[in-house]
Number of protein chains: 4
Amino acid sequence: MSNSFGSIFRISTWGESHGVGVGVVIDGCPARLPLCAEQIQAELDRRRPGQSDIVTPRNEADTVEILSGVVDGMTTGTPIALSVRNKDHRSNAYDEMQHTYRPSHADFCYDAKYGIRAWAGGGRASARETIGRVAAGAVAKAILKALCPQLEVVAWVQQVHTMICPILPKDVKAEMVESNIVRTADTESAEHMATAIRDARSKGDSLGGVIACTVRHCPVGLGDPVFDKLEATLAHAMMSIPATKGFEVGSGFSAPLLTGSQHNDAFYMEGARVRTRTNNSGGIQGGISNGEDINMRIAFKPTATLMIEQDTVNDAHEEVKLKGKGRHDACVLPRAVPVVEAMVYLVLADHLLKQRTTTIR
Amino acid sequence: MSNSFGSIFRISTWGESHGVGVGVVIDGCPARLPLCAEQIQAELDRRRPGQSDIVTPRNEADTVEILSGVVDGMTTGTPIALSVRNKDHRSNAYDEMQHTYRPSHADFCYDAKYGIRAWAGGGRASARETIGRVAAGAVAKAILKALCPQLEVVAWVQQVHTMICPILPKDVKAEMVESNIVRTADTESAEHMATAIRDARSKGDSLGGVIACTVRHCPVGLGDPVFDKLEATLAHAMMSIPATKGFEVGSGFSAPLLTGSQHNDAFYMEGARVRTRTNNSGGIQGGISNGEDINMRIAFKPTATLMIEQDTVNDAHEEVKLKGKGRHDACVLPRAVPVVEAMVYLVLADHLLKQRTTTIR
Amino acid sequence: MSNSFGSIFRISTWGESHGVGVGVVIDGCPARLPLCAEQIQAELDRRRPGQSDIVTPRNEADTVEILSGVVDGMTTGTPIALSVRNKDHRSNAYDEMQHTYRPSHADFCYDAKYGIRAWAGGGRASARETIGRVAAGAVAKAILKALCPQLEVVAWVQQVHTMICPILPKDVKAEMVESNIVRTADTESAEHMATAIRDARSKGDSLGGVIACTVRHCPVGLGDPVFDKLEATLAHAMMSIPATKGFEVGSGFSAPLLTGSQHNDAFYMEGARVRTRTNNSGGIQGGISNGEDINMRIAFKPTATLMIEQDTVNDAHEEVKLKGKGRHDACVLPRAVPVVEAMVYLVLADHLLKQRTTTIR
Amino acid sequence: MSNSFGSIFRISTWGESHGVGVGVVIDGCPARLPLCAEQIQAELDRRRPGQSDIVTPRNEADTVEILSGVVDGMTTGTPIALSVRNKDHRSNAYDEMQHTYRPSHADFCYDAKYGIRAWAGGGRASARETIGRVAAGAVAKAILKALCPQLEVVAWVQQVHTMICPILPKDVKAEMVESNIVRTADTESAEHMATAIRDARSKGDSLGGVIACTVRHCPVGLGDPVFDKLEATLAHAMMSIPATKGFEVGSGFSAPLLTGSQHNDAFYMEGARVRTRTNNSGGIQGGISNGEDINMRIAFKPTATLMIEQDTVNDAHEEVKLKGKGRHDACVLPRAVPVVEAMVYLVLADHLLKQRTTTIR
């Protein structure tokens with residue numbers, strides 16, 4: 001069950017990097033939702049390899065096929081199966097890694113846990129696994145579009161290595177993010193970050209960073225205490241994305257620097273709407289959305305697979321050297337932006353549907 | 001189902017701050033585990049109010065009663081129900097909060113979500129809710145003790161406001177942590193932090209901080225990709241604790257500052273055991289424990305309830321002033337240390353049991 | 001997790017026959033539902049031992065206590081914990097059964113499965129376990145009352161040993177059922193059945209039977225294909241009740257005796273409502289309620305514990321004789337009627353809430 | 001989530017009769033299980049249309065493709081996605097049913113529930129939905145083969161219309177069942193039943209019946225009280241199969257005809273093994289397998305789709321006549337035998353894996 005996510009709107013993903021393909025089955029999608037392959041493809045295209053010169057050159061169109069659950073452009077309430085075939089996998093580039101563990105990658109742990117692993121392309125522990133998330137996220141996005149038309153989710157690369165994009169969450173525009181290959185929020189940062197990524201790649205090295213995400217016009221009342229608080233399910237979602245090391249909501253790790261009287265968000269009325277003067281809460285109080293922007297940040301470590309020789313061990317438990325081959329992202333963040341957004345859509349759609357069962361009305 | 005946590009070892013907590021009591025039902029605890037009330041009480045005593053002069057003076061013995069699932073000091077494989085009666089609740093102190101929303105507390109959101117709330121003492125959105133977690137965590141701890149005798153979980157207050165305890169995770173001793181009322185890792189920090197907490201309380205203000213936690217001698221192989229990766233379930237667990245704003249594992253938000261070649265943890269052999277030279281991974285790779293120490297950090301905001309007058313609104317949507325009454329912690333961190341540990345025990349016990357089903361053997 | 005039932009309206013029961021007590025935690029009950037202890041107690045009183053001379057004389061008031069989740073007579077959306085203390089357990093009557101397995105009871109299997117068992121009073125494998133079901137069922141009933149005021153669930157004893165009550169499901173009246181100690185649907189059957197039960201008891205023997213149940217005015221659309229079809233979750237619910245051996249819906253095991261043209265329920269219009277001329281479907285088609293009466297039957301075996309000497313083995317694997325002691329029902333059916341109804345309420349309330357998430361609207 | 005089944009070994013099926021295809025994703029299959037497509041195909045071939053002259057002539061090879069989770073003939077512990085493409089769907093045969101509800105079929109209820117339905121071929125409410133169950137069941141069978149080599153599951157057609165196959169469960173041979181097109185347990189019954197099915201078909205009518213199933217050499221200890229008792233999960237599984245109306249285990253609806261002293265299964269020792277003299281319990285006591293044969297029976301109603309004109313209504317709520325078209329089974333039972341077995345395999349494999357977590361050992 002660890003390949004499923006969500007309680008009412010529940011997805012089950014499958015697939016390995018160098019297998020037949022990858023995909024997802026969505027159970028619990030409401031009936032009568034307009035849905036077409038193009039909506040899903042649009043999100044997959046943002047995650048696709050080969051979309052620019054700073055991401056992996058693996059050549060995959062990642063064309064999605066809707067196998068079930070949709071008739072005449074409308075969901076039927078039955079499971080929606082989505083599938084993407086792998087086309088350009090070159091397993092021979094991984095021959096050396098068949099028996100040798102990449103430092104800080106999943107190779108050793110998969111072997112230790114399962115006693116076997118699909119070594120080619122990283123198997124299940126590959127970024128290709130996130131295709132199912134993004135495809136399902138597009139369906140969740142359609143639900144939110146239908147039920148909360150104003151709601152907007154925007155993620156962007158806020159940091160690469162030591163470079164921080166200074167645009168405030170409230171000022172980030174989705175169009176700006178999509179207009180540059182790094183998916184950061186201003187042109188100058190985009191240029192510096194792209195240069196840094198190209199530079200790291202030319203050295204066979206890699207870079208990490210931070211993706212920020214803001215949710216605007218979220219309805220009040222989403223989130224399910226005590227264990228499925230909105231920040232808890234968002235944290236679960238984000239920390240399940242490969243290469244993540246940290247999660248913050250609102251003031252995050254800066255919260256302790258303020259006292260309670262400084263940190264508390266004073267309520268006031270804006271017409272008939274309860275608002276807060278500040279938003280250190282990051283749009284969530286008591287585990288429930290309060291209607292303010294939901295702001296979060298996710299830390300990504302630098303890619304583990306390097307084209308530099310490293311010390312490691314093999315599955316015969318001998319100490320050896322390894323220098324990566326294959327095609328990899330020197331920095332995953334530009335392609336991880338749609339993955340972060342997808343996970344937010346999945347979390348919100350699930351809480352939104354669950355919310356319908358919360359009161360007797 | 002949002003008041004349940006875990007998949008195989010699954011807990012369901014219940015109870016409000018000023019209701020009859022609080023408790024938990026544990027389903028899936030293996031049979032034939034030695035268990036007595038004293039083991040559970042010992043952990044509850046660490047979470048208890050009134051244990052020192054820097055925590056809330058609410059006078060609760062928090063005596064646990066085992067209602068089921070244990071016969072002659074041994075678990076039977078049937079549900080273990082644990083209950084703690086509330087004794088010292090003084091709801092009149094909350095009269096003013098019956099209709100007025102405390103800034104940055106759950107009051108407004110509960111009303112917006114449910115259309116009703118147990119206003120006295122914060123109801124379900126009270127720190128008393130964590131009693132069920134700590135009680136169940138003690139049972140999870142007993143499972144780990146039985147199956148992985150060497151495993152050790154130690155949490156401590158690493159930061160209060162601007163004060164940071166400098167002791168490295170590997171050097172933190174459980175005895176040291178328990179020897180001071182702040183539950184930090186060295187005496188000097190303890191004194192400074194305690195003074196700061198007393199000072200904040202005297203002003204009616206409050207402080208946040210960071211709790212760090214390390215897991216030593218964790219077996220290799222725990223964690224269930226892709227959605228229930230170890231860091232993902234730990235993040236879910238931690239971010240469900242009241243007042244948390246951030247979660248980090250290993251290098252966390254510092255990860256981006258290193259390049260891949262700096263961040264990767266080189267493997268080497270230590271006898272028959274695969275080890276890593278560094279531990280930026282924080283003991284988890286590919287979502288699975290690798291046998292190194294699991295290091296995490298959790299950010300807590302300052303307590304929302306203040307004895308200082310604040311701007312807010314009431315449930316008639318009028319702008320009003322509020323000055324808190326009742327008995328509250330000016331800093332929750334000393335009492336949150338056993339809560340953090342409990343959530344770690346719950347996560348690990350669940351993964352450990354799940355791991356038994358992972359291979360065909 | 002096997003002590004939990006339901007997906008959205010989810011209950012977790014706990015407790016043993018001779019332990020401290022028994023109870024249930026309900027998660028997912030909608031907020032703002034009027035609820036008081038009397039509603040729950042009324043159902044428990046129907047299940048109570050000692051209510052007549054044909055049931056076990058164990059003297060238990062089975063007084064329920066609401067521990068959480070209700071404020072001022074209204075649910076809050078938080079978990080509802082319900083508890084009943086055991087008062088009149090006399091474990092010494094079970095001394096002989098501590099090491100000897102009652103034929104056709106759970107004793108041997110519990111030992112084989114768990115390596116331990118709470119032998120006194122049957123432990124968890126006691127009819128007392130159903131108290132949690134009945135208490136939670138009363139809450140589910142309140143939900144249905146609030147949302148589908150016309151819906152009615154009536155169960156009755158349709159058969160005891162060879163005696164069959166001839167009243168048709170559509171003619172069974174709840175008042176009639178409650179007016180006789182057997183809980184069958186007519187006075188003459190009640191007399192014959194009561195006599196047979198007294199007779200069996202006087203011989204130290206026991207009787208089984210069939211409980212029938214009808215649901216009137218069920219909304220169209222409940223049930224969740226393909227695995228949680230309404231008949232599937234009802235069957236799961238019923239076959240989890242102790243001593244059940246069979247489940248039928250609609251035509252049941254008589255279905256094969258008709259050809260398709262005889263068995264099909266022709267549709268017609270009754271005003272604006274789609275109706276069927278016959279009801280072989282038992283109110284469910286394709287796993288979904290069609291608005292006709294839902295008719296089901298549940299077979300119960302005779303009680304396993306007898307006051308007659310029987311051949312058996314003990315936990316030292318020696319062949320021995322056993323003659324039961326303790327207080328037992330010679331026929332469980334009169335007290336199982338409210339248990340059957342409770343399970344139906346639980347199933348329907350869960351499907352009803354789930355139904356709210358089924359379409360996009 | 002209603003298209004998923006199982007707790008640890010968990011399947012999620014998808015697909016409609018006239019869509020792109022049907023399939024299943026299996027999560028929680030243990031790693032290092034030998035598995036190849038041929039094992040799965042062998043079971044699908046038993047369920048395939050067109051396999052004899054008494055089943056639907058729809059021409060489908062139902063070729064399975066393993067999309068993930070298996071490397072070099074061995075499972076990897078990651079999700080196993082299995083897919084079968086639909087080839088011979090002729091939706092025009094269903095034109096008339098686009099707006100008219102077949103009596104006793106799912107058409108009306110799907111429309112009422114979801115506000116939309118995939119009308120062609122019955123959509124999700126088609127027997128083709130069971131392909132995913134049979135495919136996943138083959139994987140569950142492989143697990144049981146690996147872990148309990150002696151365990152054997154045999155289902156057979158015990159009754160068609162009024163004809164009952166007299167062979168006792170203990171005497172039924174799998175080879176005999178597979179040697180006749182009806183899948184009953186003796187040649188004479190096979191001939192009579194086949195003739196009856198051909199006769200019904202020639203009249204445009206249909207027949208129902210009973211499938212019996214026995215499990216031999218089941219390990220002691222499977223089943224999880226109180227809600228996931230073995231008979232409860234089996235009942236859930238069976239009653240989720242299309243067209244089922246009843247479920248019995250052991251003595252079933254005959255149980256009430258015996259008194260307790262007649263019905264109880266006396267224990268005795270057979271060498272070191274605890275056995276019972278009779279088996280009215282049907283191999284399950286207290287919800288847990290006791291090592292005796294698990295015997296169950298499942299009632300199937302006659303197929304709803306007839307080639308005879310029937311009274312019904314359409315989706316404009318007009319009373320109309322309908323005469324079925326398309327290709328259908330006049331009796332589903334011969335092809336339902338592998339479906340019943342598959343559901344038994346799924347239930348047993350799940351309980352078997354769960355059992356590993358039941359004691360501390």
# chains A, B, ... in the order shown; residues from 1 in each chain; ligands from 1
call {"tool": "interface_residues", "arguments": {"of": "chain B", "to": "chain D", "cutoff": "12 Å", "atoms": "only C-alpha atoms", "output": "PyMOL selection string"}}
result
chain B and resi 7-9+27-35+74-79+140+142-148+224-227+349-361
call {"tool": "residues_around", "arguments": {"residues": "range 163-169 of chain C", "least_positions_apart": "3", "cutoff": "12 Å", "atoms": "only C-alpha atoms", "output": "PyMOL selection string"}}
result
(chain C and resi 153-160+172-174+176-177+182-197+207-216+250+279+282+293-297) or (chain D and resi 256-257)
call {"tool": "residues_around", "arguments": {"residues": "range 94-106 of chain D", "least_positions_apart": "6", "cutoff": "6 Å", "atoms": "only C-alpha atoms", "output": "ChimeraX atom specification"}}
result
/C:264-266,285-286 /D:119-120,304,314-315
call {"tool": "closest_residue", "arguments": {"among": "A:Ala136, A:Ser261, A:Gly246, A:Phe300", "to": "Arg201 in chain B", "atoms": "only C-alpha atoms"}}
result
A:Ser261
call {"tool": "residues_around", "arguments": {"residues": "Ala135 in chain A", "least_positions_apart": "4", "cutoff": "7 Å", "atoms": "only C-alpha atoms", "output": "ChimeraX atom specification"}}
result
/A:40,44,131,139
call {"tool": "atom_distance", "arguments": {"atom1": "CA of Asn290 in chain D", "atom2": "CA of Cys109 in chain C"}}
result
5.9 Å
call {"tool": "atom_distance", "arguments": {"atom1": "CA of Ile80 in chain B", "atom2": "CA of Ser2 in chain C"}}
result
12.8 Å
call {"tool": "select_by_dssp", "arguments": {"residues": "range 107-277 of chain B", "states": "strand (DSSP E)", "output": "PyMOL selection string"}}
result
chain B and resi 152-160+163-164+209-216+244-249+267-270+273-276
call {"tool": "write_last_selection", "arguments": {"atoms": "N, CA and C atoms", "output": "compact mmCIF listing (two decimals), in the first residue's frame"}}
result
# COMPACT_ATOMS: atom_id res chain seq x y z
N GLU B 152 18.09 3.13 19.77
CA GLU B 152 17.90 4.19 20.76
C GLU B 152 17.38 5.44 20.08
N VAL B 153 16.34 6.03 20.65
CA VAL B 153 15.79 7.28 20.14
C VAL B 153 16.02 8.35 21.20
N VAL B 154 16.68 9.42 20.81
CA VAL B 154 16.90 10.52 21.75
C VAL B 154 16.52 11.83 21.08
N ALA B 155 15.59 12.54 21.69
CA ALA B 155 15.24 13.88 21.24
C ALA B 155 15.66 14.88 22.29
N TRP B 156 15.94 16.11 21.88
CA TRP B 156 16.32 17.15 22.83
C TRP B 156 16.00 18.53 22.25
N VAL B 157 15.89 19.48 23.14
CA VAL B 157 15.65 20.86 22.73
C VAL B 157 16.96 21.45 22.24
N GLN B 158 17.03 21.70 20.94
CA GLN B 158 18.28 22.17 20.36
C GLN B 158 18.31 23.70 20.29
N GLN B 159 17.13 24.27 20.27
CA GLN B 159 17.06 25.74 20.16
C GLN B 159 15.82 26.23 20.88
N VAL B 160 15.97 27.32 21.65
CA VAL B 160 14.84 28.07 22.19
C VAL B 160 15.06 29.52 21.79
N MET B 163 18.61 30.97 21.18
CA MET B 163 19.68 30.19 21.84
C MET B 163 19.79 28.79 21.26
N ILE B 164 20.97 28.43 20.81
CA ILE B 164 21.17 27.13 20.18
C ILE B 164 22.11 26.29 21.02
N GLY B 209 11.05 27.15 19.23
CA GLY B 209 12.39 26.57 19.18
C GLY B 209 12.48 25.41 18.23
N VAL B 210 13.53 24.64 18.41
CA VAL B 210 13.77 23.48 17.55
C VAL B 210 14.05 22.27 18.44
N ILE B 211 13.36 21.17 18.14
CA ILE B 211 13.72 19.90 18.78
C ILE B 211 14.46 19.06 17.76
N ALA B 212 15.61 18.54 18.17
CA ALA B 212 16.35 17.61 17.32
C ALA B 212 16.14 16.20 17.84
N CYS B 213 16.26 15.23 16.95
CA CYS B 213 16.08 13.85 17.37
C CYS B 213 17.03 12.96 16.57
N THR B 214 17.64 12.03 17.26
CA THR B 214 18.53 11.09 16.59
C THR B 214 18.10 9.66 16.92
N VAL B 215 18.18 8.79 15.93
CA VAL B 215 17.88 7.37 16.12
C VAL B 215 19.17 6.60 15.87
N ARG B 216 19.61 5.90 16.89
CA ARG B 216 20.87 5.14 16.78
C ARG B 216 20.58 3.66 16.63
N THR B 244 4.08 22.73 15.11
CA THR B 244 5.26 22.51 14.28
C THR B 244 5.17 23.30 12.98
N LYS B 245 6.31 23.79 12.53
CA LYS B 245 6.34 24.58 11.29
C LYS B 245 7.36 24.07 10.28
N GLY B 246 8.23 23.14 10.67
CA GLY B 246 9.24 22.69 9.72
C GLY B 246 9.84 21.36 10.12
N PHE B 247 10.34 20.63 9.13
CA PHE B 247 10.95 19.32 9.34
C PHE B 247 12.17 19.20 8.44
N GLU B 248 13.25 18.68 9.02
CA GLU B 248 14.45 18.42 8.24
C GLU B 248 14.99 17.04 8.56
N VAL B 249 15.57 16.40 7.59
CA VAL B 249 16.29 15.16 7.84
C VAL B 249 17.69 15.31 7.24
N PHE B 267 30.47 5.39 0.50
CA PHE B 267 30.38 4.09 1.19
C PHE B 267 31.77 3.53 1.49
N TYR B 268 31.88 2.81 2.57
CA TYR B 268 33.08 2.02 2.84
C TYR B 268 32.66 0.82 3.68
N MET B 269 33.57 -0.14 3.83
CA MET B 269 33.25 -1.32 4.63
C MET B 269 33.86 -1.18 6.02
N GLU B 270 33.02 -1.47 7.03
CA GLU B 270 33.52 -1.54 8.40
C GLU B 270 33.28 -2.98 8.83
N ARG B 273 30.07 -4.70 7.59
CA ARG B 273 28.96 -3.74 7.53
C ARG B 273 29.25 -2.60 6.56
N VAL B 274 28.29 -2.30 5.71
CA VAL B 274 28.40 -1.17 4.81
C VAL B 274 28.14 0.10 5.60
N ARG B 275 29.08 1.01 5.56
CA ARG B 275 28.95 2.27 6.29
C ARG B 275 29.12 3.44 5.33
N THR B 276 28.81 4.65 5.80
CA THR B 276 29.12 5.85 5.02
C THR B 276 30.07 6.74 5.81
call {"tool": "atom_distance", "arguments": {"atom1": "CA of Thr305 in chain A", "atom2": "CA of Pro242 in chain A"}}
result
12.9 Å
call {"tool": "select_by_dssp", "arguments": {"residues": "range 57-300 of chain D", "states": "helix (DSSP H, G or I)", "output": "PyMOL selection string"}}
result
chain D and resi 91-98+107-114+120-122+127-147+169-171+174-178+187-202+230-239+252-257+260-263
call {"tool": "write_last_selection", "arguments": {"atoms": "C-alpha atoms", "output": "PDB file, in the first residue's frame"}}
result
ATOM      1  CA  SER D  91     -20.411  -1.298 -29.022  1.00  0.00           C
ATOM      2  CA  ASN D  92     -23.097  -0.948 -31.671  1.00  0.00           C
ATOM      3  CA  ALA D  93     -24.760  -4.049 -30.243  1.00  0.00           C
ATOM      4  CA  TYR D  94     -25.402  -1.908 -27.193  1.00  0.00           C
ATOM      5  CA  ASP D  95     -26.951   1.074 -28.947  1.00  0.00           C
ATOM      6  CA  GLU D  96     -30.376   0.271 -27.646  1.00  0.00           C
ATOM      7  CA  MET D  97     -29.103  -0.008 -24.088  1.00  0.00           C
ATOM      8  CA  GLN D  98     -27.555   3.442 -24.204  1.00  0.00           C
ATOM      9  CA  ASP D 107     -27.570   0.280 -15.654  1.00  0.00           C
ATOM     10  CA  PHE D 108     -30.163   2.189 -13.652  1.00  0.00           C
ATOM     11  CA  CYS D 109     -28.163   2.240 -10.428  1.00  0.00           C
ATOM     12  CA  TYR D 110     -24.980   3.495 -12.106  1.00  0.00           C
ATOM     13  CA  ASP D 111     -26.920   6.335 -13.661  1.00  0.00           C
ATOM     14  CA  ALA D 112     -28.590   7.124 -10.359  1.00  0.00           C
ATOM     15  CA  LYS D 113     -25.321   7.032  -8.453  1.00  0.00           C
ATOM     16  CA  TYR D 114     -22.843   8.677 -10.784  1.00  0.00           C
ATOM     17  CA  ALA D 120     -21.287   0.171 -23.946  1.00  0.00           C
ATOM     18  CA  GLY D 121     -20.826  -3.420 -22.887  1.00  0.00           C
ATOM     19  CA  GLY D 122     -21.942  -2.661 -19.367  1.00  0.00           C
ATOM     20  CA  ALA D 127     -17.783  -9.503 -16.163  1.00  0.00           C
ATOM     21  CA  ARG D 128     -14.659  -8.214 -17.918  1.00  0.00           C
ATOM     22  CA  GLU D 129     -13.949  -6.325 -14.713  1.00  0.00           C
ATOM     23  CA  THR D 130     -13.003  -9.656 -13.150  1.00  0.00           C
ATOM     24  CA  ILE D 131      -9.931  -9.997 -15.380  1.00  0.00           C
ATOM     25  CA  GLY D 132      -7.958  -7.841 -12.966  1.00  0.00           C
ATOM     26  CA  ARG D 133      -9.051 -10.067 -10.096  1.00  0.00           C
ATOM     27  CA  VAL D 134      -7.989 -13.258 -11.862  1.00  0.00           C
ATOM     28  CA  ALA D 135      -4.654 -11.795 -12.929  1.00  0.00           C
ATOM     29  CA  ALA D 136      -3.889 -10.613  -9.403  1.00  0.00           C
ATOM     30  CA  GLY D 137      -5.177 -13.895  -8.013  1.00  0.00           C
ATOM     31  CA  ALA D 138      -2.534 -15.715 -10.033  1.00  0.00           C
ATOM     32  CA  VAL D 139       0.139 -13.683  -8.261  1.00  0.00           C
ATOM     33  CA  ALA D 140      -1.437 -14.424  -4.885  1.00  0.00           C
ATOM     34  CA  LYS D 141      -1.490 -18.089  -5.863  1.00  0.00           C
ATOM     35  CA  ALA D 142       2.233 -17.928  -6.545  1.00  0.00           C
ATOM     36  CA  ILE D 143       2.839 -16.503  -3.076  1.00  0.00           C
ATOM     37  CA  LEU D 144       0.838 -19.312  -1.486  1.00  0.00           C
ATOM     38  CA  LYS D 145       2.646 -21.863  -3.659  1.00  0.00           C
ATOM     39  CA  ALA D 146       5.958 -20.532  -2.409  1.00  0.00           C
ATOM     40  CA  LEU D 147       5.017 -20.311   1.256  1.00  0.00           C
ATOM     41  CA  PRO D 169     -16.107 -31.365  -1.319  1.00  0.00           C
ATOM     42  CA  LYS D 170     -13.415 -33.712  -0.023  1.00  0.00           C
ATOM     43  CA  ASP D 171     -13.744 -35.864  -3.159  1.00  0.00           C
ATOM     44  CA  ALA D 174      -9.213 -30.175  -9.782  1.00  0.00           C
ATOM     45  CA  GLU D 175      -8.410 -32.202 -12.873  1.00  0.00           C
ATOM     46  CA  MET D 176     -11.987 -33.436 -13.105  1.00  0.00           C
ATOM     47  CA  VAL D 177     -13.285 -29.872 -12.810  1.00  0.00           C
ATOM     48  CA  GLU D 178     -11.012 -28.643 -15.574  1.00  0.00           C
ATOM     49  CA  THR D 187     -19.142 -36.125 -15.942  1.00  0.00           C
ATOM     50  CA  GLU D 188     -22.810 -36.848 -15.646  1.00  0.00           C
ATOM     51  CA  SER D 189     -23.596 -33.522 -13.989  1.00  0.00           C
ATOM     52  CA  ALA D 190     -21.462 -31.822 -16.616  1.00  0.00           C
ATOM     53  CA  GLU D 191     -23.537 -33.229 -19.425  1.00  0.00           C
ATOM     54  CA  HIS D 192     -26.867 -32.372 -17.869  1.00  0.00           C
ATOM     55  CA  MET D 193     -25.774 -28.891 -16.922  1.00  0.00           C
ATOM     56  CA  ALA D 194     -24.291 -28.151 -20.355  1.00  0.00           C
ATOM     57  CA  THR D 195     -27.506 -29.260 -21.989  1.00  0.00           C
ATOM     58  CA  ALA D 196     -29.544 -27.034 -19.696  1.00  0.00           C
ATOM     59  CA  ILE D 197     -27.321 -24.045 -20.430  1.00  0.00           C
ATOM     60  CA  ARG D 198     -27.553 -24.600 -24.202  1.00  0.00           C
ATOM     61  CA  ASP D 199     -31.304 -24.957 -23.878  1.00  0.00           C
ATOM     62  CA  ALA D 200     -31.667 -21.736 -21.888  1.00  0.00           C
ATOM     63  CA  ARG D 201     -29.517 -19.883 -24.396  1.00  0.00           C
ATOM     64  CA  SER D 202     -31.534 -21.119 -27.308  1.00  0.00           C
ATOM     65  CA  LEU D 230     -11.501 -15.174   7.673  1.00  0.00           C
ATOM     66  CA  GLU D 231     -15.155 -15.840   6.861  1.00  0.00           C
ATOM     67  CA  ALA D 232     -15.843 -12.094   6.818  1.00  0.00           C
ATOM     68  CA  THR D 233     -13.135 -11.259   4.295  1.00  0.00           C
ATOM     69  CA  LEU D 234     -14.073 -14.302   2.224  1.00  0.00           C
ATOM     70  CA  ALA D 235     -17.711 -13.178   2.260  1.00  0.00           C
ATOM     71  CA  HIS D 236     -16.675  -9.672   1.265  1.00  0.00           C
ATOM     72  CA  ALA D 237     -14.580 -11.087  -1.558  1.00  0.00           C
ATOM     73  CA  MET D 238     -17.276 -13.400  -2.867  1.00  0.00           C
ATOM     74  CA  MET D 239     -20.181 -10.981  -2.590  1.00  0.00           C
ATOM     75  CA  GLY D 252     -24.062 -22.432   6.407  1.00  0.00           C
ATOM     76  CA  PHE D 253     -27.835 -22.078   6.375  1.00  0.00           C
ATOM     77  CA  SER D 254     -28.128 -25.693   7.539  1.00  0.00           C
ATOM     78  CA  ALA D 255     -26.410 -24.837  10.814  1.00  0.00           C
ATOM     79  CA  PRO D 256     -29.665 -23.991  12.639  1.00  0.00           C
ATOM     80  CA  LEU D 257     -31.051 -27.472  11.931  1.00  0.00           C
ATOM     81  CA  GLY D 260     -25.116 -27.354  19.640  1.00  0.00           C
ATOM     82  CA  SER D 261     -24.267 -30.872  20.731  1.00  0.00           C
ATOM     83  CA  GLN D 262     -24.817 -32.077  17.166  1.00  0.00           C
ATOM     84  CA  HIS D 263     -23.075 -29.144  15.477  1.00  0.00           C
TER      85      HIS D 263
END
call {"tool": "closest_residue", "arguments": {"among": "B:Ile181, B:Val220, B:Val332, B:Val70", "to": "Asp53 in chain B", "atoms": "only C-alpha atoms"}}
result
B:Ile181
